Structure formats: C-alpha cells, structure tokens
Amino acid sequence: MASAWDEALSDDRPVGQIRGHRIDLVSAYQDGLGQEALLEALTPEIAEFAATVLGDAPCRLPAADLQGLAETECDCIAYVAELWVEPEFRGQGVGTTLLYRLGATIDLSHCLVALKALPLRSDHAEVSTEAEVDRVKRFYARNGFTQARGDYMVKDARLCEAIKKRLAGRRPG
C-alpha cells in the first residue's frame with residue numbers, strides 16, 4: 001500500500017494499493033496437480049487468464065534477446081488482480097513504485113507476472129472508454145509489460161528491476 005500525509009486528518013491516508021496472487025506451479029506439479037486444474041480452481045479471473053493466454057500450453061517465460069534471457073518454463077505466476085492509485089496521485093510514480101515493491105518483496109524467480117489491463121471501476125457495470133483502456137495499457141507497457149491476448153498483459157519477472165538487482169547481487173558458488 002502507498003500512503004500520503006493528509007493535513008486535514010493529521011494522518012496518513014491510502015493513495016494506492018496492489019493486490020493479487022502468487023501461484024507456485026512447481027509445488028502444484030509435485031503434488032500431482034496440473035497447471036490447468038490448478039488455475040481453474042483458484043479464482044474466476046485467474047481461470048479466465050489461463051484460458052485466454054495459456055490455453056493448453058504450459059506457462060513459459062518468453063525469450064528476451066536484448067537481455068540474453070532464454071525462453072524457459074515458469075515456476076510461478078504472479079497475477080495482479082488490482083492496482084489502484086487515487087486520481088490526484090496518478091502520474092507521480094505511485095503505481096510504478098507499487099510494481100517495483102512487488103518484485104522487491106515477493107520471490108518472483110522464474111515467474112510470469114500477469115494482469116488484465118483495464119481501468120478499475122467502483123461500478124463494475126460501467127464500461128471503460130477506449131482512451132481509458134489505452135492509458136492503462138501505456139502505463140503497463142512503460143513498466144515492461146507486453147500485450148498477450150485480449151486485455152491481458154504479461155511480464156517476465158526476470159526483467160523487473162528489483163529481480164535484476166537481486167540476481168546481480170548473488171555471490172557465485
């Protein structure tokens with residue numbers, strides 16, 4: 001959660017939050033549970049992501065030639081179910097900081113970070129405009145996400161700044 005000082009309240013108030021799920025695929029495989037069965041059993045939004053983006057294929061981290069990373073199978077999926085920033089704090093780095101903290105606080109080694117890039121609505125029946133959807137997708141693209149299928153975007157966690165620092169800081173042998 002991100003917060004800012006509110007003079008009127010004389011206290012911090014929330015200005016942004018990120019929430020989601022880290023799904024350990026390796027443990028599920030060891031327990032005899034397949035990827036498809038696991039992802040369908042979690043939440044409807046994760047089941048929809050799996051059906052839309054993964055289909056019957058195993059979760060794979062894409063090759064990133066510029067960074068010298070080969071395509072490999074995922075060990076986990078970090079599904080970002082919600083990232084919100086109060087409108088008056090947008091454009092100030094709050095959302096980017098929350099995404100950075102995700103990589104800094106959770107083990108995302110060999111993990112695919114995924115999300116549905118749509119604006120959040122308090123009224124879920126309200127339809128987002130094309131301009132609003134484009135704004136959200138540009139934000140995620142600036143943070144290293146690429147278009148998958150539909151409104152879904154993904155990022156190889158090996159490209160997260162916090163993960164790159166962690167991997168670079170590991171001492172050999």
# chains A, B, ... in the order shown; residues from 1 in each chain; ligands from 1

call {"tool": "select_by_dssp", "arguments": {"residues": "chain A", "states": "strand (DSSP E)", "output": "PDB file with N, CA, C and O atoms, in the first residue's frame"}}
result
ATOM      1  N   ALA A   2       0.478   2.245  -0.702  1.00  0.00           N
ATOM      2  CA  ALA A   2       1.157   3.538  -0.703  1.00  0.00           C
ATOM      3  C   ALA A   2       0.277   4.514   0.050  1.00  0.00           C
ATOM      4  O   ALA A   2      -0.945   4.475  -0.045  1.00  0.00           O
ATOM      5  N   SER A   3       0.919   5.384   0.810  1.00  0.00           N
ATOM      6  CA  SER A   3       0.136   6.358   1.576  1.00  0.00           C
ATOM      7  C   SER A   3       0.771   7.742   1.456  1.00  0.00           C
ATOM      8  O   SER A   3       1.929   7.876   1.075  1.00  0.00           O
ATOM      9  N   ALA A   4      -0.008   8.742   1.789  1.00  0.00           N
ATOM     10  CA  ALA A   4       0.452  10.130   1.789  1.00  0.00           C
ATOM     11  C   ALA A   4      -0.130  10.816   3.014  1.00  0.00           C
ATOM     12  O   ALA A   4      -1.213  10.459   3.496  1.00  0.00           O
ATOM     13  N   TRP A   5       0.605  11.806   3.518  1.00  0.00           N
ATOM     14  CA  TRP A   5       0.145  12.558   4.680  1.00  0.00           C
ATOM     15  C   TRP A   5      -1.042  13.425   4.291  1.00  0.00           C
ATOM     16  O   TRP A   5      -1.032  14.103   3.277  1.00  0.00           O
ATOM     17  N   ASP A   6      -2.077  13.373   5.108  1.00  0.00           N
ATOM     18  CA  ASP A   6      -3.269  14.189   4.912  1.00  0.00           C
ATOM     19  C   ASP A   6      -3.343  15.186   6.056  1.00  0.00           C
ATOM     20  O   ASP A   6      -3.583  14.807   7.205  1.00  0.00           O
ATOM     21  N   ASP A  11      -2.979  12.525   9.545  1.00  0.00           N
ATOM     22  CA  ASP A  11      -2.634  11.104   9.488  1.00  0.00           C
ATOM     23  C   ASP A  11      -2.351  10.726   8.037  1.00  0.00           C
ATOM     24  O   ASP A  11      -2.716  11.459   7.107  1.00  0.00           O
ATOM     25  N   ASP A  12      -1.718   9.568   7.854  1.00  0.00           N
ATOM     26  CA  ASP A  12      -1.526   9.034   6.509  1.00  0.00           C
ATOM     27  C   ASP A  12      -2.848   8.512   5.978  1.00  0.00           C
ATOM     28  O   ASP A  12      -3.681   8.024   6.736  1.00  0.00           O
ATOM     29  N   ARG A  13      -3.024   8.629   4.665  1.00  0.00           N
ATOM     30  CA  ARG A  13      -4.197   8.030   4.036  1.00  0.00           C
ATOM     31  C   ARG A  13      -3.730   7.227   2.833  1.00  0.00           C
ATOM     32  O   ARG A  13      -2.742   7.574   2.183  1.00  0.00           O
ATOM     33  N   PRO A  14      -4.415   6.133   2.543  1.00  0.00           N
ATOM     34  CA  PRO A  14      -4.009   5.312   1.390  1.00  0.00           C
ATOM     35  C   PRO A  14      -4.210   6.067   0.080  1.00  0.00           C
ATOM     36  O   PRO A  14      -5.238   6.718  -0.115  1.00  0.00           O
ATOM     37  N   VAL A  15      -3.193   5.981  -0.810  1.00  0.00           N
ATOM     38  CA  VAL A  15      -3.307   6.616  -2.123  1.00  0.00           C
ATOM     39  C   VAL A  15      -3.086   5.608  -3.244  1.00  0.00           C
ATOM     40  O   VAL A  15      -3.241   5.933  -4.412  1.00  0.00           O
ATOM     41  N   GLY A  16      -2.727   4.378  -2.889  1.00  0.00           N
ATOM     42  CA  GLY A  16      -2.532   3.349  -3.895  1.00  0.00           C
ATOM     43  C   GLY A  16      -2.360   1.990  -3.245  1.00  0.00           C
ATOM     44  O   GLY A  16      -1.957   1.894  -2.082  1.00  0.00           O
ATOM     45  N   GLN A  17      -2.693   0.954  -4.000  1.00  0.00           N
ATOM     46  CA  GLN A  17      -2.587  -0.401  -3.462  1.00  0.00           C
ATOM     47  C   GLN A  17      -2.440  -1.388  -4.605  1.00  0.00           C
ATOM     48  O   GLN A  17      -2.999  -1.191  -5.686  1.00  0.00           O
ATOM     49  N   ILE A  18      -1.706  -2.455  -4.338  1.00  0.00           N
ATOM     50  CA  ILE A  18      -1.593  -3.552  -5.287  1.00  0.00           C
ATOM     51  C   ILE A  18      -1.958  -4.829  -4.535  1.00  0.00           C
ATOM     52  O   ILE A  18      -1.588  -4.997  -3.378  1.00  0.00           O
ATOM     53  N   ARG A  19      -2.737  -5.677  -5.197  1.00  0.00           N
ATOM     54  CA  ARG A  19      -3.087  -6.967  -4.577  1.00  0.00           C
ATOM     55  C   ARG A  19      -3.176  -8.014  -5.679  1.00  0.00           C
ATOM     56  O   ARG A  19      -3.427  -7.690  -6.848  1.00  0.00           O
ATOM     57  N   GLY A  20      -2.958  -9.251  -5.282  1.00  0.00           N
ATOM     58  CA  GLY A  20      -3.012 -10.319  -6.266  1.00  0.00           C
ATOM     59  C   GLY A  20      -2.664 -11.658  -5.651  1.00  0.00           C
ATOM     60  O   GLY A  20      -2.810 -11.851  -4.437  1.00  0.00           O
ATOM     61  N   HIS A  21      -2.177 -12.550  -6.489  1.00  0.00           N
ATOM     62  CA  HIS A  21      -1.912 -13.926  -6.078  1.00  0.00           C
ATOM     63  C   HIS A  21      -0.578 -14.384  -6.652  1.00  0.00           C
ATOM     64  O   HIS A  21      -0.292 -14.128  -7.824  1.00  0.00           O
ATOM     65  N   ARG A  22       0.212 -15.083  -5.847  1.00  0.00           N
ATOM     66  CA  ARG A  22       1.419 -15.752  -6.340  1.00  0.00           C
ATOM     67  C   ARG A  22       1.101 -17.234  -6.362  1.00  0.00           C
ATOM     68  O   ARG A  22       0.786 -17.828  -5.336  1.00  0.00           O
ATOM     69  N   ILE A  23       1.164 -17.825  -7.537  1.00  0.00           N
ATOM     70  CA  ILE A  23       0.765 -19.219  -7.717  1.00  0.00           C
ATOM     71  C   ILE A  23       2.008 -20.049  -7.979  1.00  0.00           C
ATOM     72  O   ILE A  23       2.689 -19.864  -8.990  1.00  0.00           O
ATOM     73  N   ASP A  24       2.314 -20.953  -7.068  1.00  0.00           N
ATOM     74  CA  ASP A  24       3.515 -21.793  -7.149  1.00  0.00           C
ATOM     75  C   ASP A  24       3.205 -23.021  -8.003  1.00  0.00           C
ATOM     76  O   ASP A  24       2.612 -23.986  -7.528  1.00  0.00           O
ATOM     77  N   ARG A  60       5.143 -20.312 -19.954  1.00  0.00           N
ATOM     78  CA  ARG A  60       6.516 -20.112 -20.418  1.00  0.00           C
ATOM     79  C   ARG A  60       6.915 -18.660 -20.258  1.00  0.00           C
ATOM     80  O   ARG A  60       6.117 -17.770 -20.498  1.00  0.00           O
ATOM     81  N   LEU A  61       8.162 -18.454 -19.850  1.00  0.00           N
ATOM     82  CA  LEU A  61       8.739 -17.121 -19.851  1.00  0.00           C
ATOM     83  C   LEU A  61       9.322 -16.902 -21.232  1.00  0.00           C
ATOM     84  O   LEU A  61      10.099 -17.722 -21.706  1.00  0.00           O
ATOM     85  N   THR A  72      12.002 -20.186 -21.142  1.00  0.00           N
ATOM     86  CA  THR A  72      12.035 -21.263 -20.158  1.00  0.00           C
ATOM     87  C   THR A  72      10.647 -21.428 -19.550  1.00  0.00           C
ATOM     88  O   THR A  72       9.810 -20.536 -19.642  1.00  0.00           O
ATOM     89  N   GLU A  73      10.421 -22.556 -18.920  1.00  0.00           N
ATOM     90  CA  GLU A  73       9.134 -22.809 -18.277  1.00  0.00           C
ATOM     91  C   GLU A  73       9.017 -22.012 -16.980  1.00  0.00           C
ATOM     92  O   GLU A  73       9.997 -21.809 -16.269  1.00  0.00           O
ATOM     93  N   CYS A  76       6.291 -20.068 -11.446  1.00  0.00           N
ATOM     94  CA  CYS A  76       5.138 -19.478 -10.768  1.00  0.00           C
ATOM     95  C   CYS A  76       4.500 -18.408 -11.644  1.00  0.00           C
ATOM     96  O   CYS A  76       5.086 -17.959 -12.625  1.00  0.00           O
ATOM     97  N   ILE A  77       3.304 -18.023 -11.269  1.00  0.00           N
ATOM     98  CA  ILE A  77       2.592 -16.913 -11.893  1.00  0.00           C
ATOM     99  C   ILE A  77       2.231 -15.945 -10.768  1.00  0.00           C
ATOM    100  O   ILE A  77       1.697 -16.353  -9.739  1.00  0.00           O
ATOM    101  N   ALA A  78       2.552 -14.677 -10.985  1.00  0.00           N
ATOM    102  CA  ALA A  78       2.093 -13.630 -10.065  1.00  0.00           C
ATOM    103  C   ALA A  78       0.992 -12.894 -10.805  1.00  0.00           C
ATOM    104  O   ALA A  78       1.255 -12.211 -11.796  1.00  0.00           O
ATOM    105  N   TYR A  79      -0.234 -13.077 -10.364  1.00  0.00           N
ATOM    106  CA  TYR A  79      -1.371 -12.450 -11.023  1.00  0.00           C
ATOM    107  C   TYR A  79      -1.757 -11.197 -10.247  1.00  0.00           C
ATOM    108  O   TYR A  79      -2.136 -11.275  -9.074  1.00  0.00           O
ATOM    109  N   VAL A  80      -1.644 -10.050 -10.887  1.00  0.00           N
ATOM    110  CA  VAL A  80      -2.017  -8.776 -10.271  1.00  0.00           C
ATOM    111  C   VAL A  80      -3.516  -8.596 -10.499  1.00  0.00           C
ATOM    112  O   VAL A  80      -3.962  -8.325 -11.610  1.00  0.00           O
ATOM    113  N   ALA A  81      -4.277  -8.772  -9.429  1.00  0.00           N
ATOM    114  CA  ALA A  81      -5.732  -8.662  -9.534  1.00  0.00           C
ATOM    115  C   ALA A  81      -6.186  -7.205  -9.480  1.00  0.00           C
ATOM    116  O   ALA A  81      -7.219  -6.858 -10.055  1.00  0.00           O
ATOM    117  N   GLU A  82      -5.398  -6.360  -8.819  1.00  0.00           N
ATOM    118  CA  GLU A  82      -5.806  -4.969  -8.675  1.00  0.00           C
ATOM    119  C   GLU A  82      -4.593  -4.097  -8.410  1.00  0.00           C
ATOM    120  O   GLU A  82      -3.744  -4.426  -7.594  1.00  0.00           O
ATOM    121  N   LEU A  83      -4.508  -3.011  -9.121  1.00  0.00           N
ATOM    122  CA  LEU A  83      -3.538  -1.952  -8.855  1.00  0.00           C
ATOM    123  C   LEU A  83      -4.316  -0.654  -9.000  1.00  0.00           C
ATOM    124  O   LEU A  83      -4.836  -0.357 -10.077  1.00  0.00           O
ATOM    125  N   TRP A  84      -4.461   0.073  -7.902  1.00  0.00           N
ATOM    126  CA  TRP A  84      -5.193   1.332  -7.992  1.00  0.00           C
ATOM    127  C   TRP A  84      -4.377   2.452  -7.360  1.00  0.00           C
ATOM    128  O   TRP A  84      -3.623   2.233  -6.420  1.00  0.00           O
ATOM    129  N   VAL A  85      -4.535   3.620  -7.933  1.00  0.00           N
ATOM    130  CA  VAL A  85      -3.920   4.839  -7.426  1.00  0.00           C
ATOM    131  C   VAL A  85      -5.004   5.911  -7.454  1.00  0.00           C
ATOM    132  O   VAL A  85      -5.703   6.061  -8.460  1.00  0.00           O
ATOM    133  N   CYS A 111       9.222 -16.367 -12.726  1.00  0.00           N
ATOM    134  CA  CYS A 111       7.792 -16.111 -12.567  1.00  0.00           C
ATOM    135  C   CYS A 111       7.278 -15.238 -13.708  1.00  0.00           C
ATOM    136  O   CYS A 111       7.962 -14.330 -14.164  1.00  0.00           O
ATOM    137  N   LEU A 112       6.082 -15.535 -14.154  1.00  0.00           N
ATOM    138  CA  LEU A 112       5.386 -14.706 -15.125  1.00  0.00           C
ATOM    139  C   LEU A 112       4.438 -13.800 -14.353  1.00  0.00           C
ATOM    140  O   LEU A 112       3.607 -14.280 -13.577  1.00  0.00           O
ATOM    141  N   VAL A 113       4.576 -12.489 -14.530  1.00  0.00           N
ATOM    142  CA  VAL A 113       3.673 -11.535 -13.898  1.00  0.00           C
ATOM    143  C   VAL A 113       2.584 -11.235 -14.924  1.00  0.00           C
ATOM    144  O   VAL A 113       2.878 -10.924 -16.078  1.00  0.00           O
ATOM    145  N   ALA A 114       1.339 -11.358 -14.523  1.00  0.00           N
ATOM    146  CA  ALA A 114       0.224 -11.218 -15.461  1.00  0.00           C
ATOM    147  C   ALA A 114      -0.866 -10.349 -14.854  1.00  0.00           C
ATOM    148  O   ALA A 114      -1.014 -10.282 -13.633  1.00  0.00           O
ATOM    149  N   LEU A 115      -1.636  -9.703 -15.732  1.00  0.00           N
ATOM    150  CA  LEU A 115      -2.743  -8.869 -15.279  1.00  0.00           C
ATOM    151  C   LEU A 115      -3.676  -8.590 -16.435  1.00  0.00           C
ATOM    152  O   LEU A 115      -3.331  -8.780 -17.596  1.00  0.00           O
ATOM    153  N   LYS A 116      -4.871  -8.168 -16.085  1.00  0.00           N
ATOM    154  CA  LYS A 116      -5.839  -7.719 -17.082  1.00  0.00           C
ATOM    155  C   LYS A 116      -5.797  -6.201 -17.056  1.00  0.00           C
ATOM    156  O   LYS A 116      -6.109  -5.581 -16.035  1.00  0.00           O
ATOM    157  N   THR A 146       4.049  -6.631 -21.774  1.00  0.00           N
ATOM    158  CA  THR A 146       3.739  -6.747 -23.196  1.00  0.00           C
ATOM    159  C   THR A 146       2.332  -7.311 -23.350  1.00  0.00           C
ATOM    160  O   THR A 146       1.838  -8.042 -22.484  1.00  0.00           O
ATOM    161  N   GLN A 147       1.716  -6.975 -24.473  1.00  0.00           N
ATOM    162  CA  GLN A 147       0.369  -7.459 -24.774  1.00  0.00           C
ATOM    163  C   GLN A 147       0.414  -8.971 -24.966  1.00  0.00           C
ATOM    164  O   GLN A 147       1.258  -9.474 -25.693  1.00  0.00           O
ATOM    165  N   TYR A 152      -5.167  -8.860 -21.648  1.00  0.00           N
ATOM    166  CA  TYR A 152      -4.128  -9.343 -20.739  1.00  0.00           C
ATOM    167  C   TYR A 152      -2.745  -8.888 -21.182  1.00  0.00           C
ATOM    168  O   TYR A 152      -2.435  -8.852 -22.370  1.00  0.00           O
ATOM    169  N   MET A 153      -1.940  -8.555 -20.182  1.00  0.00           N
ATOM    170  CA  MET A 153      -0.548  -8.190 -20.409  1.00  0.00           C
ATOM    171  C   MET A 153       0.306  -9.021 -19.467  1.00  0.00           C
ATOM    172  O   MET A 153      -0.146  -9.410 -18.379  1.00  0.00           O
ATOM    173  N   VAL A 154       1.534  -9.312 -19.890  1.00  0.00           N
ATOM    174  CA  VAL A 154       2.431 -10.143 -19.098  1.00  0.00           C
ATOM    175  C   VAL A 154       3.818  -9.527 -19.064  1.00  0.00           C
ATOM    176  O   VAL A 154       4.187  -8.717 -19.922  1.00  0.00           O
ATOM    177  N   LYS A 155       4.589  -9.958 -18.065  1.00  0.00           N
ATOM    178  CA  LYS A 155       5.976  -9.516 -17.930  1.00  0.00           C
ATOM    179  C   LYS A 155       6.779 -10.655 -17.337  1.00  0.00           C
ATOM    180  O   LYS A 155       6.354 -11.290 -16.379  1.00  0.00           O
ATOM    181  N   ASP A 156       7.915 -10.912 -17.921  1.00  0.00           N
ATOM    182  CA  ASP A 156       8.861 -11.873 -17.373  1.00  0.00           C
ATOM    183  C   ASP A 156       9.476 -11.211 -16.141  1.00  0.00           C
ATOM    184  O   ASP A 156      10.106 -10.156 -16.248  1.00  0.00           O
TER     185      ASP A 156
END

call {"tool": "select_by_dssp", "arguments": {"residues": "stretch 5-170 of chain A", "states": "alpha helix (DSSP H)", "output": "number ranges by chain"}}
result
A: 25-30, 35-42, 44-49, 94-105, 130-142, 161-169

call {"tool": "atom_distance", "arguments": {"atom1": "atom CA of A:Arg149", "atom2": "atom CA of A:Leu54"}}
result
9.3 Å

call {"tool": "closest_residue", "arguments": {"among": "A:Leu39, A:Ala157, A:Leu69, A:Ala104", "to": "A:Ala51", "atoms": "only C-alpha atoms"}}
result
A:Leu39

call {"tool": "atom_distance", "arguments": {"atom1": "atom CA of A:Pro119", "atom2": "atom CA of A:Arg101"}}
result
20.7 Å

call {"tool": "residues_around", "arguments": {"residues": "A:Leu118", "least_positions_apart": "4", "cutoff": "10 Å", "atoms": "only C-alpha atoms", "output": "ChimeraX atom specification"}}
result
/A:82,127-130,132-137,151-152
